[in-house]
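The next block is run_17.cif, given as mmCIF, C-alpha atoms and all ligand atoms.
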```
data_entry
loop_
_atom_site.label_atom_id
_atom_site.label_comp_id
_atom_site.auth_asym_id
_atom_site.auth_seq_id
_atom_site.Cartn_x
_atom_site.Cartn_y
_atom_site.Cartn_z
CA PRO A 351 49.69 -42.19 -114.75
CA THR A 352 49.71 -41.30 -118.42
CA THR A 353 46.82 -41.23 -120.82
CA ILE A 354 47.61 -42.24 -124.35
CA ASN A 355 45.74 -40.44 -127.10
CA ARG A 356 45.70 -40.82 -130.85
CA ILE A 357 46.96 -38.18 -133.22
CA ALA A 358 47.49 -38.08 -136.94
CA ALA A 359 50.98 -37.87 -138.37
CA GLY A 360 53.33 -39.60 -140.75
CA GLU A 361 56.85 -40.78 -140.16
CA VAL A 362 59.12 -43.70 -140.88
CA ILE A 363 62.32 -44.99 -139.37
CA GLU A 364 64.99 -44.83 -142.07
CA ARG A 365 68.08 -46.05 -140.28
CA PRO A 366 69.12 -47.53 -136.93
CA ALA A 367 70.29 -44.13 -135.67
CA ALA A 368 66.76 -42.77 -136.19
CA ALA A 369 65.36 -45.55 -134.00
CA VAL A 370 68.00 -44.84 -131.35
CA LYS A 371 67.08 -41.16 -131.35
CA GLU A 372 63.36 -41.87 -130.99
CA LEU A 373 63.88 -44.34 -128.14
CA VAL A 374 66.23 -42.06 -126.22
CA GLU A 375 63.87 -39.10 -126.68
CA ASN A 376 61.07 -41.24 -125.24
CA ALA A 377 63.27 -42.00 -122.23
CA LEU A 378 64.00 -38.29 -121.78
CA ASP A 379 60.29 -37.50 -122.07
CA ALA A 380 59.68 -40.08 -119.32
CA GLY A 381 61.87 -38.06 -116.96
CA ALA A 382 64.76 -40.53 -116.90
CA ARG A 383 67.80 -39.62 -114.80
CA ARG A 384 69.90 -42.39 -116.34
CA ILE A 385 69.73 -43.82 -119.84
CA GLY A 386 71.70 -46.81 -121.09
CA VAL A 387 72.08 -47.50 -124.80
CA THR A 388 73.44 -50.73 -126.26
CA ILE A 389 74.10 -51.18 -129.97
CA GLU A 390 74.97 -54.46 -131.66
CA GLY A 391 75.64 -55.16 -135.30
CA GLY A 392 75.31 -51.51 -136.34
CA GLY A 393 71.93 -51.31 -134.61
CA ILE A 394 70.50 -53.67 -137.21
CA GLY A 395 71.20 -56.65 -134.97
CA ARG A 396 70.08 -55.10 -131.73
CA ILE A 397 69.35 -51.76 -130.06
CA GLU A 398 68.52 -51.57 -126.39
CA VAL A 399 67.56 -48.41 -124.51
CA THR A 400 67.02 -48.69 -120.75
CA ASP A 401 65.75 -45.86 -118.58
CA ASP A 402 64.67 -45.19 -115.01
CA GLY A 403 61.78 -42.95 -116.06
CA HIS A 404 58.10 -43.05 -115.08
CA GLY A 405 57.33 -46.21 -117.05
CA ILE A 406 54.19 -47.33 -118.88
CA PRO A 407 51.32 -48.89 -116.89
CA GLU A 408 50.67 -52.49 -117.93
CA ALA A 409 47.19 -51.65 -119.25
CA GLU A 410 48.67 -49.00 -121.57
CA LEU A 411 51.37 -51.13 -123.18
CA PRO A 412 49.20 -52.18 -126.15
CA LEU A 413 48.30 -48.53 -126.81
CA ALA A 414 51.92 -47.37 -126.67
CA ILE A 415 52.79 -49.47 -129.70
CA GLU A 416 49.65 -48.48 -131.65
CA ARG A 417 49.86 -46.02 -134.50
CA HIS A 418 49.06 -42.40 -133.66
CA ALA A 419 48.97 -43.06 -129.95
CA THR A 420 50.80 -40.62 -127.71
CA SER A 421 50.46 -39.74 -124.07
CA LYS A 422 52.07 -36.39 -124.57
CA LEU A 423 49.71 -33.89 -126.12
CA THR A 424 48.16 -32.82 -122.86
CA ASP A 425 51.46 -31.93 -121.26
CA GLU A 426 52.01 -28.19 -121.67
CA ALA A 427 55.79 -28.38 -121.46
CA LEU A 428 55.89 -30.93 -124.23
CA VAL A 429 53.36 -29.17 -126.44
CA ARG A 430 55.84 -26.30 -126.49
CA ILE A 431 58.33 -28.48 -128.32
CA ALA A 432 55.73 -30.33 -130.34
CA THR A 433 57.62 -29.77 -133.59
CA LEU A 434 60.47 -31.96 -132.49
CA GLY A 435 58.91 -35.33 -132.32
CA PHE A 436 55.71 -36.07 -130.44
CA ARG A 437 53.33 -37.78 -132.72
CA GLY A 438 52.87 -41.36 -131.62
CA GLU A 439 54.63 -42.87 -134.60
CA ALA A 440 58.01 -44.08 -133.43
CA LEU A 441 57.17 -47.30 -131.60
CA PRO A 442 54.68 -48.58 -134.22
CA SER A 443 57.09 -47.72 -137.04
CA ILE A 444 59.89 -49.62 -135.32
CA GLY A 445 57.56 -52.53 -134.51
CA ALA A 446 56.56 -52.72 -138.16
CA ALA A 447 60.18 -52.86 -139.37
CA GLY A 448 61.69 -55.26 -136.84
CA ARG A 449 61.05 -57.00 -133.53
CA LEU A 450 60.21 -54.52 -130.79
CA THR A 451 60.05 -55.48 -127.13
CA VAL A 452 58.88 -52.97 -124.55
CA THR A 453 59.33 -53.96 -120.91
CA SER A 454 58.13 -51.42 -118.40
CA ARG A 455 57.26 -50.90 -114.77
CA PRO A 456 55.84 -47.69 -113.31
CA ALA A 457 56.77 -46.91 -109.70
CA GLY A 458 53.40 -48.01 -108.30
CA GLN A 459 53.26 -51.37 -110.09
CA ASP A 460 54.35 -54.62 -108.37
CA SER A 461 56.16 -56.10 -111.33
CA ALA A 462 57.07 -55.27 -114.89
CA ALA A 463 55.10 -56.20 -118.01
CA ARG A 464 56.28 -56.84 -121.52
CA ILE A 465 54.83 -56.54 -124.99
CA VAL A 466 56.40 -57.76 -128.23
CA VAL A 467 55.63 -56.58 -131.77
CA ASP A 468 57.28 -58.37 -134.65
CA GLY A 469 56.85 -57.15 -138.20
CA GLY A 470 53.64 -55.42 -137.10
CA ALA A 471 52.19 -58.53 -135.38
CA VAL A 472 51.42 -57.77 -131.74
CA ARG A 473 51.78 -60.49 -129.08
CA GLU A 474 50.00 -60.53 -125.76
CA VAL A 475 51.22 -58.57 -122.76
CA GLU A 476 52.98 -60.82 -120.23
CA PRO A 477 54.22 -60.16 -116.70
CA VAL A 478 58.00 -60.33 -116.20
CA ALA A 479 60.46 -59.39 -113.48
CA GLY A 480 62.07 -55.99 -113.92
CA PRO A 481 63.06 -52.73 -112.24
CA VAL A 482 61.07 -49.49 -112.30
CA GLY A 483 61.49 -47.79 -115.66
CA THR A 484 61.44 -48.94 -119.24
CA CYS A 485 63.63 -51.11 -121.42
CA VAL A 486 62.99 -51.09 -125.16
CA THR A 487 64.80 -53.49 -127.45
CA VAL A 488 64.77 -53.60 -131.22
CA GLU A 489 66.10 -56.70 -132.93
CA ASP A 490 66.58 -57.50 -136.61
CA LEU A 491 65.61 -54.02 -137.67
CA PHE A 492 64.34 -53.95 -141.27
CA HIS A 493 64.04 -57.75 -141.50
CA ALA A 494 60.38 -57.08 -142.24
CA THR A 495 61.21 -54.29 -144.72
CA PRO A 496 64.05 -55.62 -146.92
CA ALA A 497 63.64 -52.73 -149.38
CA ARG A 498 64.77 -50.31 -146.69
CA ARG A 499 67.50 -52.61 -145.49
CA LYS A 500 69.41 -52.41 -148.74
CA PHE A 501 69.90 -48.65 -148.30
CA LEU A 502 71.91 -49.21 -145.13
CA ARG A 503 75.68 -48.77 -145.06
CA SER A 504 78.11 -51.13 -143.32
CA ALA A 505 77.43 -52.14 -139.73
CA GLY A 506 80.43 -50.05 -138.68
CA ALA A 507 79.10 -46.93 -140.39
CA GLU A 508 75.60 -47.42 -138.98
CA ALA A 509 77.05 -47.95 -135.49
CA GLY A 510 78.98 -44.70 -135.93
CA SER A 511 75.77 -42.84 -136.79
CA CYS A 512 74.05 -44.40 -133.75
CA ALA A 513 76.94 -43.22 -131.55
CA ASP A 514 76.75 -39.71 -133.05
CA ALA A 515 73.02 -39.63 -132.28
CA VAL A 516 73.60 -40.69 -128.65
CA ARG A 517 76.38 -38.10 -128.23
CA HIS A 518 74.09 -35.38 -129.56
CA LEU A 519 71.31 -36.48 -127.19
CA ALA A 520 73.77 -36.62 -124.27
CA LEU A 521 74.76 -33.02 -125.01
CA ALA A 522 71.10 -32.02 -125.22
CA ALA A 523 70.44 -33.39 -121.72
CA PRO A 524 73.61 -33.01 -119.62
CA ALA A 525 71.72 -33.53 -116.33
CA VAL A 526 70.88 -37.08 -117.40
CA GLY A 527 73.45 -39.85 -117.00
CA PHE A 528 74.19 -41.59 -120.31
CA SER A 529 76.02 -44.78 -121.14
CA LEU A 530 76.74 -46.22 -124.55
CA THR A 531 77.96 -49.74 -125.28
CA ILE A 532 78.79 -50.84 -128.82
CA ASP A 533 79.26 -54.55 -129.56
CA GLY A 534 80.08 -55.23 -125.93
CA ALA A 535 82.64 -52.44 -125.54
CA ALA A 536 81.84 -49.44 -123.31
CA SER A 537 81.97 -46.31 -125.47
CA PHE A 538 81.20 -43.91 -122.62
CA ASP A 539 79.48 -43.79 -119.25
CA LEU A 540 78.65 -40.25 -118.21
CA PRO A 541 77.23 -39.23 -114.82
CA PRO A 542 74.77 -36.33 -114.59
CA GLN A 543 76.81 -33.22 -115.41
CA ASP A 544 76.51 -29.52 -116.07
CA ARG A 545 76.80 -28.27 -119.64
CA ARG A 546 80.46 -27.44 -119.43
CA GLU A 547 81.38 -30.87 -118.03
CA ARG A 548 79.23 -32.64 -120.61
CA VAL A 549 80.85 -30.67 -123.43
CA ALA A 550 84.27 -31.68 -122.09
CA ALA A 551 83.17 -35.33 -121.94
CA ILE A 552 81.90 -35.31 -125.52
CA TYR A 553 84.56 -33.13 -127.20
CA GLY A 554 87.51 -34.22 -125.10
CA ARG A 555 89.06 -32.09 -122.41
CA ALA A 556 91.85 -30.64 -124.56
CA ASP A 557 89.46 -29.22 -127.17
CA ALA A 558 86.82 -28.24 -124.62
CA GLU A 559 89.32 -26.07 -122.69
CA LYS A 560 89.82 -23.92 -125.78
CA LEU A 561 86.11 -23.33 -126.37
CA LEU A 562 84.64 -19.87 -125.90
CA GLU A 563 81.41 -19.48 -123.96
CA ILE A 564 78.62 -17.55 -125.63
CA GLU A 565 75.36 -16.15 -124.37
CA ALA A 566 72.80 -13.99 -126.11
CA VAL A 567 69.27 -13.29 -124.94
CA ARG A 568 66.78 -11.22 -126.87
CA GLU A 569 63.28 -11.09 -125.48
CA GLU A 570 62.13 -14.70 -125.18
CA VAL A 571 64.88 -16.20 -127.33
CA ALA A 572 68.08 -17.33 -125.64
CA LEU A 573 71.19 -18.80 -127.21
CA ARG A 574 73.90 -20.24 -124.97
CA GLY A 575 76.78 -22.60 -125.38
CA PHE A 576 80.35 -23.06 -126.51
CA ILE A 577 82.11 -22.35 -129.79
CA SER A 578 85.67 -22.89 -130.91
CA PRO A 579 88.16 -20.11 -131.62
CA ALA A 580 88.79 -19.78 -135.35
CA SER A 581 92.03 -21.71 -134.89
CA LEU A 582 90.20 -24.87 -133.82
CA THR A 583 88.36 -26.45 -136.75
CA ARG A 584 87.43 -29.84 -138.14
CA ALA A 585 87.03 -31.20 -141.65
CA ALA A 586 83.50 -32.38 -140.83
CA ALA A 587 80.57 -30.35 -139.53
CA ARG A 588 79.40 -33.17 -137.28
CA HIS A 589 81.14 -31.54 -134.31
CA GLN A 590 78.47 -28.87 -134.39
CA HIS A 591 75.70 -29.73 -131.98
CA MET A 592 72.55 -27.65 -131.91
CA VAL A 593 69.90 -28.19 -129.27
CA VAL A 594 66.57 -26.42 -129.58
CA ASN A 595 64.23 -26.50 -126.59
CA GLY A 596 66.05 -29.53 -125.25
CA ARG A 597 65.98 -31.57 -128.47
CA PRO A 598 68.97 -32.22 -130.72
CA VAL A 599 68.45 -30.84 -134.22
CA ARG A 600 70.42 -30.68 -137.41
CA ASP A 601 69.38 -27.31 -138.69
CA PRO A 602 70.70 -25.71 -141.89
CA LEU A 603 69.78 -22.19 -140.81
CA LEU A 604 71.70 -22.47 -137.55
CA ARG A 605 74.70 -24.01 -139.33
CA MET A 606 74.67 -21.31 -141.97
CA ALA A 607 74.41 -18.58 -139.35
CA LEU A 608 77.39 -20.07 -137.55
CA ARG A 609 79.41 -20.13 -140.77
CA LEU A 610 78.47 -16.51 -141.51
CA ALA A 611 79.49 -15.46 -138.01
CA TYR A 612 83.04 -16.73 -138.52
CA ARG A 613 83.20 -15.11 -141.98
CA GLU A 614 86.62 -15.44 -143.57
CA ARG A 615 88.25 -16.39 -140.28
CA ILE A 616 87.92 -20.07 -141.20
CA PRO A 617 89.17 -21.55 -144.48
CA ALA A 618 86.72 -23.15 -146.91
CA GLY A 619 86.10 -26.80 -146.14
CA ARG A 620 86.81 -26.41 -142.42
CA HIS A 621 84.20 -26.16 -139.66
CA PRO A 622 84.28 -24.68 -136.17
CA LEU A 623 83.20 -26.79 -133.19
CA ALA A 624 79.99 -25.69 -131.52
CA ALA A 625 77.64 -26.91 -128.82
CA LEU A 626 74.70 -24.53 -128.76
CA TRP A 627 71.43 -24.51 -126.87
CA LEU A 628 68.61 -22.37 -128.23
CA GLU A 629 65.50 -21.70 -126.18
CA ILE A 630 62.67 -20.28 -128.24
CA PRO A 631 58.90 -19.99 -127.69
CA ALA A 632 57.01 -22.75 -129.52
CA GLU A 633 54.95 -20.19 -131.44
CA MET A 634 58.17 -19.04 -133.14
CA LEU A 635 58.65 -22.52 -134.62
CA ASP A 636 56.80 -23.87 -137.63
CA VAL A 637 54.89 -27.00 -136.66
CA ASN A 638 54.55 -28.33 -140.20
CA VAL A 639 58.07 -29.55 -140.73
CA HIS A 640 58.73 -33.27 -141.05
CA PRO A 641 59.75 -34.25 -137.53
CA ALA A 642 61.95 -37.24 -138.38
CA LYS A 643 64.47 -34.97 -140.07
CA ALA A 644 64.68 -32.82 -136.94
CA GLU A 645 64.65 -29.75 -139.14
CA LEU A 646 63.07 -26.58 -137.96
CA ARG A 647 61.49 -23.62 -139.56
CA PHE A 648 61.67 -20.40 -137.63
CA ALA A 649 58.83 -17.89 -137.81
CA ALA A 650 61.47 -15.11 -137.60
CA PRO A 651 64.62 -16.61 -139.14
CA ASP A 652 66.39 -13.23 -139.38
CA ALA A 653 66.08 -12.66 -135.64
CA VAL A 654 67.55 -16.09 -134.86
CA ARG A 655 70.32 -15.61 -137.42
CA SER A 656 71.32 -12.19 -136.11
CA LEU A 657 71.26 -13.42 -132.50
CA MET A 658 73.68 -16.20 -133.46
CA ILE A 659 75.97 -13.97 -135.51
CA GLY A 660 76.09 -11.29 -132.81
CA ALA A 661 76.85 -13.77 -130.02
CA VAL A 662 79.56 -15.60 -131.96
CA GLN A 663 81.26 -12.41 -133.14
CA ARG A 664 81.30 -10.96 -129.62
CA ALA A 665 82.95 -14.14 -128.32
CA LEU A 666 85.52 -14.21 -131.13
CA ALA A 667 86.38 -10.52 -130.55
CA THR A 668 87.05 -11.03 -126.83
CA PRO A 669 90.77 -11.65 -126.42
CA ALA A 670 91.48 -14.85 -124.54
CA ASP A 671 93.73 -14.35 -121.50
P1 LIG A 701 55.38 -40.29 -128.90
O1 LIG A 701 56.72 -40.24 -128.24
O2 LIG A 701 55.28 -39.42 -130.10
O3 LIG A 701 54.24 -40.10 -127.93
P2 LIG A 701 56.07 -43.01 -129.43
O4 LIG A 701 55.58 -43.98 -130.45
O5 LIG A 701 57.50 -42.66 -129.43
O6 LIG A 701 55.18 -41.72 -129.53
O7 LIG A 701 55.68 -43.56 -127.98
C1 LIG A 701 54.30 -43.86 -127.73
C2 LIG A 701 53.96 -43.74 -126.25
O8 LIG A 701 54.61 -44.77 -125.53
C3 LIG A 701 54.45 -42.45 -125.61
O9 LIG A 701 53.53 -41.40 -125.80
C4 LIG A 701 54.58 -42.86 -124.15
O10 LIG A 701 53.32 -42.79 -123.52
C5 LIG A 701 54.97 -44.31 -124.24
N1 LIG A 701 56.43 -44.51 -124.08
C6 LIG A 701 57.31 -44.84 -125.06
N2 LIG A 701 58.57 -44.97 -124.58
C7 LIG A 701 58.48 -44.72 -123.24
C8 LIG A 701 59.45 -44.70 -122.17
N3 LIG A 701 60.75 -44.96 -122.38
N4 LIG A 701 58.98 -44.43 -120.92
C9 LIG A 701 57.68 -44.16 -120.69
N5 LIG A 701 56.73 -44.16 -121.67
C10 LIG A 701 57.12 -44.43 -122.93
MG MG A 702 58.48 -40.77 -129.11
#
```
Represent the structure from my file as C-alpha cells, please.
Amino acid sequence: PTTINRIAAGEVIERPAAAVKELVENALDAGARRIGVTIEGGGIGRIEVTDDGHGIPEAELPLAIERHATSKLTDEALVRIATLGFRGEALPSIGAAGRLTVTSRPAGQDSAARIVVDGGAVREVEPVAGPVGTCVTVEDLFHATPARRKFLRSAGAEAGSCADAVRHLALAAPAVGFSLTIDGAASFDLPPQDRRERVAAIYGRADAEKLLEIEAVREEVALRGFISPASLTRAAARHQHMVVNGRPVRDPLLRMALRLAYRERIPAGRHPLAALWLEIPAEMLDVNVHPAKAELRFAAPDAVRSLMIGAVQRALATPAD
C-alpha cells in the first residue's frame, strides 16, 4: 500500500499532450505491464489512460487528487529520478482544468472505487465495478480554463502531439505493452518488447534496420541506443528520442551534442534519427529545473556531451557490412 505525502511544487498542464504524458508516467510509476491510451477530439474531448499497475486504495483516492500530494518521495528508486516529474501536481492540475475521473482497484481490494473532480470541485468517492489497476479519464480539458484553451491548435495537431508523447513514452519503457487509439482508430498496439524491437515498431522496420547501435559507459554514466547513418535524416528533429533514467525528455544539450557528433556529415536543416537511453546518477542532475518541460540540467554537461559525441562518432566510423 502507498502512503501519499504532500510536497511543494508548481506546475500547470499546458496542452493535452502534457496531460497524456503525466498520466502515462503515473501508470509506469505504478508498475504497469500494459498501458492503454485513448484520445478523442485532440485530447480536449477525452483522454483515457488505463493500466494494470498497483492501483490506489479507496481511502487514498481523495488524497491522490489533492495538490502537493504524492506517494513517491519515500521510494528510493523514484527519488533518483526526482527531477523528471514527481511532485504531486499533475492530477490536481488536470482536475482543475477539466473533468477528471480516477477509477482504481489495488490487488487486495474487492471492488474498484471512483472519484471525480470537475473544475476543481471534488465529488464523493463511490464504489464501482472494475479490474485491478487504474483508469484515469479527462474530459473537456480546459473547459474550466478558457484562457488556456484558446492557445490550443487544431484537434488534429493536438492529437498528433498526444501521439508523439505516447510514442516517446513507449520507447522509454519497451518492456511495457502500449496501445494507442485515436478517435476510435487503433494507432498501435505493442506487446512488451526489447529495445531493438520497440525501436523497429516506432520507427518502422525499414528505417530501424539501418540504425547503428551505440554504447558508451564512463563511470556511472551510460549511454545506449540507436542512431541513423548520416544518409538517413529527417526534416524534423522529432524523430530524436532521448530517455534519461527511464523518462522521456526533450533536452537541448543532448540534441546539440548529437548534432555536433555528426558535424558536417548532415546538411543544415536535416536531422538524424536517434533513440537514446542515458542512465545517470541523480546527483549529476539539477533538481531545480521546471519539471513540466522535461528539461534537464547536468551537473557535468561537458562529460555528458563528450560521452555522446564519442559514442556517435565511433558508430559512424565503423563500416557497415
Ligand atoms: P505524482 O505522480 O507527482 O506523485 P500525481 O498528481 O501525478 O503526482 O499523482 C498523485 C498520486 O496519485 C501519486 O503519487 C500516486 O500515489 C497516485 N496515482 C496517480 N496515478 C496513479 C496510477 N495510474 N496508479 C497508481 N497510483 C496513481
Ligand atoms: Mg505523476
Do a neighbour search on segment 574-591 of chain A at 9 Å with only C-alpha atoms, toss out local chain neighbours closer than 5 positions, and write the hits as an mmCIF file with C-alpha atoms, in the frame of the given file.
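What ended up in selection-v3.cif:
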```cif
data_model
loop_
_atom_site.group_PDB
_atom_site.id
_atom_site.type_symbol
_atom_site.label_atom_id
_atom_site.label_comp_id
_atom_site.auth_asym_id
_atom_site.auth_seq_id
_atom_site.Cartn_x
_atom_site.Cartn_y
_atom_site.Cartn_z
ATOM 1 C CA ASP A 514 76.750 -39.710 -133.050
ATOM 2 C CA HIS A 518 74.090 -35.380 -129.560
ATOM 3 C CA LEU A 521 74.760 -33.020 -125.010
ATOM 4 C CA ALA A 522 71.100 -32.020 -125.220
ATOM 5 C CA ARG A 545 76.800 -28.270 -119.640
ATOM 6 C CA ARG A 546 80.460 -27.440 -119.430
ATOM 7 C CA VAL A 549 80.850 -30.670 -123.430
ATOM 8 C CA TYR A 553 84.560 -33.130 -127.200
ATOM 9 C CA ASP A 557 89.460 -29.220 -127.170
ATOM 10 C CA ALA A 558 86.820 -28.240 -124.620
ATOM 11 C CA LYS A 560 89.820 -23.920 -125.780
ATOM 12 C CA LEU A 561 86.110 -23.330 -126.370
ATOM 13 C CA LEU A 562 84.640 -19.870 -125.900
ATOM 14 C CA GLU A 563 81.410 -19.480 -123.960
ATOM 15 C CA ILE A 564 78.620 -17.550 -125.630
ATOM 16 C CA GLU A 565 75.360 -16.150 -124.370
ATOM 17 C CA ALA A 566 72.800 -13.990 -126.110
ATOM 18 C CA VAL A 567 69.270 -13.290 -124.940
ATOM 19 C CA PRO A 598 68.970 -32.220 -130.720
ATOM 20 C CA VAL A 599 68.450 -30.840 -134.220
ATOM 21 C CA ARG A 600 70.420 -30.680 -137.410
ATOM 22 C CA ARG A 605 74.700 -24.010 -139.330
ATOM 23 C CA TYR A 612 83.040 -16.730 -138.520
ATOM 24 C CA ARG A 615 88.250 -16.390 -140.280
ATOM 25 C CA ILE A 616 87.920 -20.070 -141.200
ATOM 26 C CA GLY A 619 86.100 -26.800 -146.140
ATOM 27 C CA ARG A 620 86.810 -26.410 -142.420
ATOM 28 C CA HIS A 621 84.200 -26.160 -139.660
ATOM 29 C CA PRO A 622 84.280 -24.680 -136.170
ATOM 30 C CA LEU A 623 83.200 -26.790 -133.190
ATOM 31 C CA ALA A 624 79.990 -25.690 -131.520
ATOM 32 C CA ALA A 625 77.640 -26.910 -128.820
ATOM 33 C CA LEU A 626 74.700 -24.530 -128.760
ATOM 34 C CA TRP A 627 71.430 -24.510 -126.870
ATOM 35 C CA LEU A 628 68.610 -22.370 -128.230
ATOM 36 C CA GLU A 629 65.500 -21.700 -126.180
ATOM 37 C CA ALA A 661 76.850 -13.770 -130.020
ATOM 38 C CA VAL A 662 79.560 -15.600 -131.960
ATOM 39 C CA ALA A 665 82.950 -14.140 -128.320
ATOM 40 C CA LEU A 666 85.520 -14.210 -131.130
#
```
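Using all atoms listed in the file, the nearest neighbour of ligand LIG 701 (chain A) within the list A:Glu398, A:Glu364, A:Glu372, A:Glu633 is A:Glu372.
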- Message: Which residues are near segment 483-496 of chain A? Cut-off 7 Å, only C-alpha atoms, ignore same chain within fewer than 4 positions. Put them as number ranges by chain.
- Response: A: 394-405, 447-456, 469, 500
Would you export the selected residues with C-alpha atoms as an mmCIF file, in the coordinates of the input, please?
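See out38.cif below for the written result:
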```cif
data_model
loop_
_atom_site.group_PDB
_atom_site.id
_atom_site.type_symbol
_atom_site.label_atom_id
_atom_site.label_comp_id
_atom_site.auth_asym_id
_atom_site.auth_seq_id
_atom_site.Cartn_x
_atom_site.Cartn_y
_atom_site.Cartn_z
ATOM 1 C CA ILE A 394 70.500 -53.670 -137.210
ATOM 2 C CA GLY A 395 71.200 -56.650 -134.970
ATOM 3 C CA ARG A 396 70.080 -55.100 -131.730
ATOM 4 C CA ILE A 397 69.350 -51.760 -130.060
ATOM 5 C CA GLU A 398 68.520 -51.570 -126.390
ATOM 6 C CA VAL A 399 67.560 -48.410 -124.510
ATOM 7 C CA THR A 400 67.020 -48.690 -120.750
ATOM 8 C CA ASP A 401 65.750 -45.860 -118.580
ATOM 9 C CA ASP A 402 64.670 -45.190 -115.010
ATOM 10 C CA GLY A 403 61.780 -42.950 -116.060
ATOM 11 C CA HIS A 404 58.100 -43.050 -115.080
ATOM 12 C CA GLY A 405 57.330 -46.210 -117.050
ATOM 13 C CA ALA A 447 60.180 -52.860 -139.370
ATOM 14 C CA GLY A 448 61.690 -55.260 -136.840
ATOM 15 C CA ARG A 449 61.050 -57.000 -133.530
ATOM 16 C CA LEU A 450 60.210 -54.520 -130.790
ATOM 17 C CA THR A 451 60.050 -55.480 -127.130
ATOM 18 C CA VAL A 452 58.880 -52.970 -124.550
ATOM 19 C CA THR A 453 59.330 -53.960 -120.910
ATOM 20 C CA SER A 454 58.130 -51.420 -118.400
ATOM 21 C CA ARG A 455 57.260 -50.900 -114.770
ATOM 22 C CA PRO A 456 55.840 -47.690 -113.310
ATOM 23 C CA GLY A 469 56.850 -57.150 -138.200
ATOM 24 C CA LYS A 500 69.410 -52.410 -148.740
#
```
- Have a look at atom CA of Ala551 of chain A and atom CA of Ser537 of chain A and let me know their distance in Å, one decimal. 11.6 Å
Give me the residues near Leu635 of chain A as an mmCIF file with C-alpha atoms, in the coordinates of the input, where near means some atom within 9 Å (using only C-alpha atoms) and where sequence neighbours in that chain fewer than 3 positions away do not count.
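File written: result33.cif
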```
data_model
loop_
_atom_site.group_PDB
_atom_site.id
_atom_site.type_symbol
_atom_site.label_atom_id
_atom_site.label_comp_id
_atom_site.auth_asym_id
_atom_site.auth_seq_id
_atom_site.Cartn_x
_atom_site.Cartn_y
_atom_site.Cartn_z
ATOM 1 C CA ILE A 431 58.330 -28.480 -128.320
ATOM 2 C CA THR A 433 57.620 -29.770 -133.590
ATOM 3 C CA ILE A 630 62.670 -20.280 -128.240
ATOM 4 C CA PRO A 631 58.900 -19.990 -127.690
ATOM 5 C CA ALA A 632 57.010 -22.750 -129.520
ATOM 6 C CA LEU A 646 63.070 -26.580 -137.960
ATOM 7 C CA ARG A 647 61.490 -23.620 -139.560
ATOM 8 C CA PHE A 648 61.670 -20.400 -137.630
ATOM 9 C CA ALA A 649 58.830 -17.890 -137.810
ATOM 10 C CA ALA A 650 61.470 -15.110 -137.600
#
```
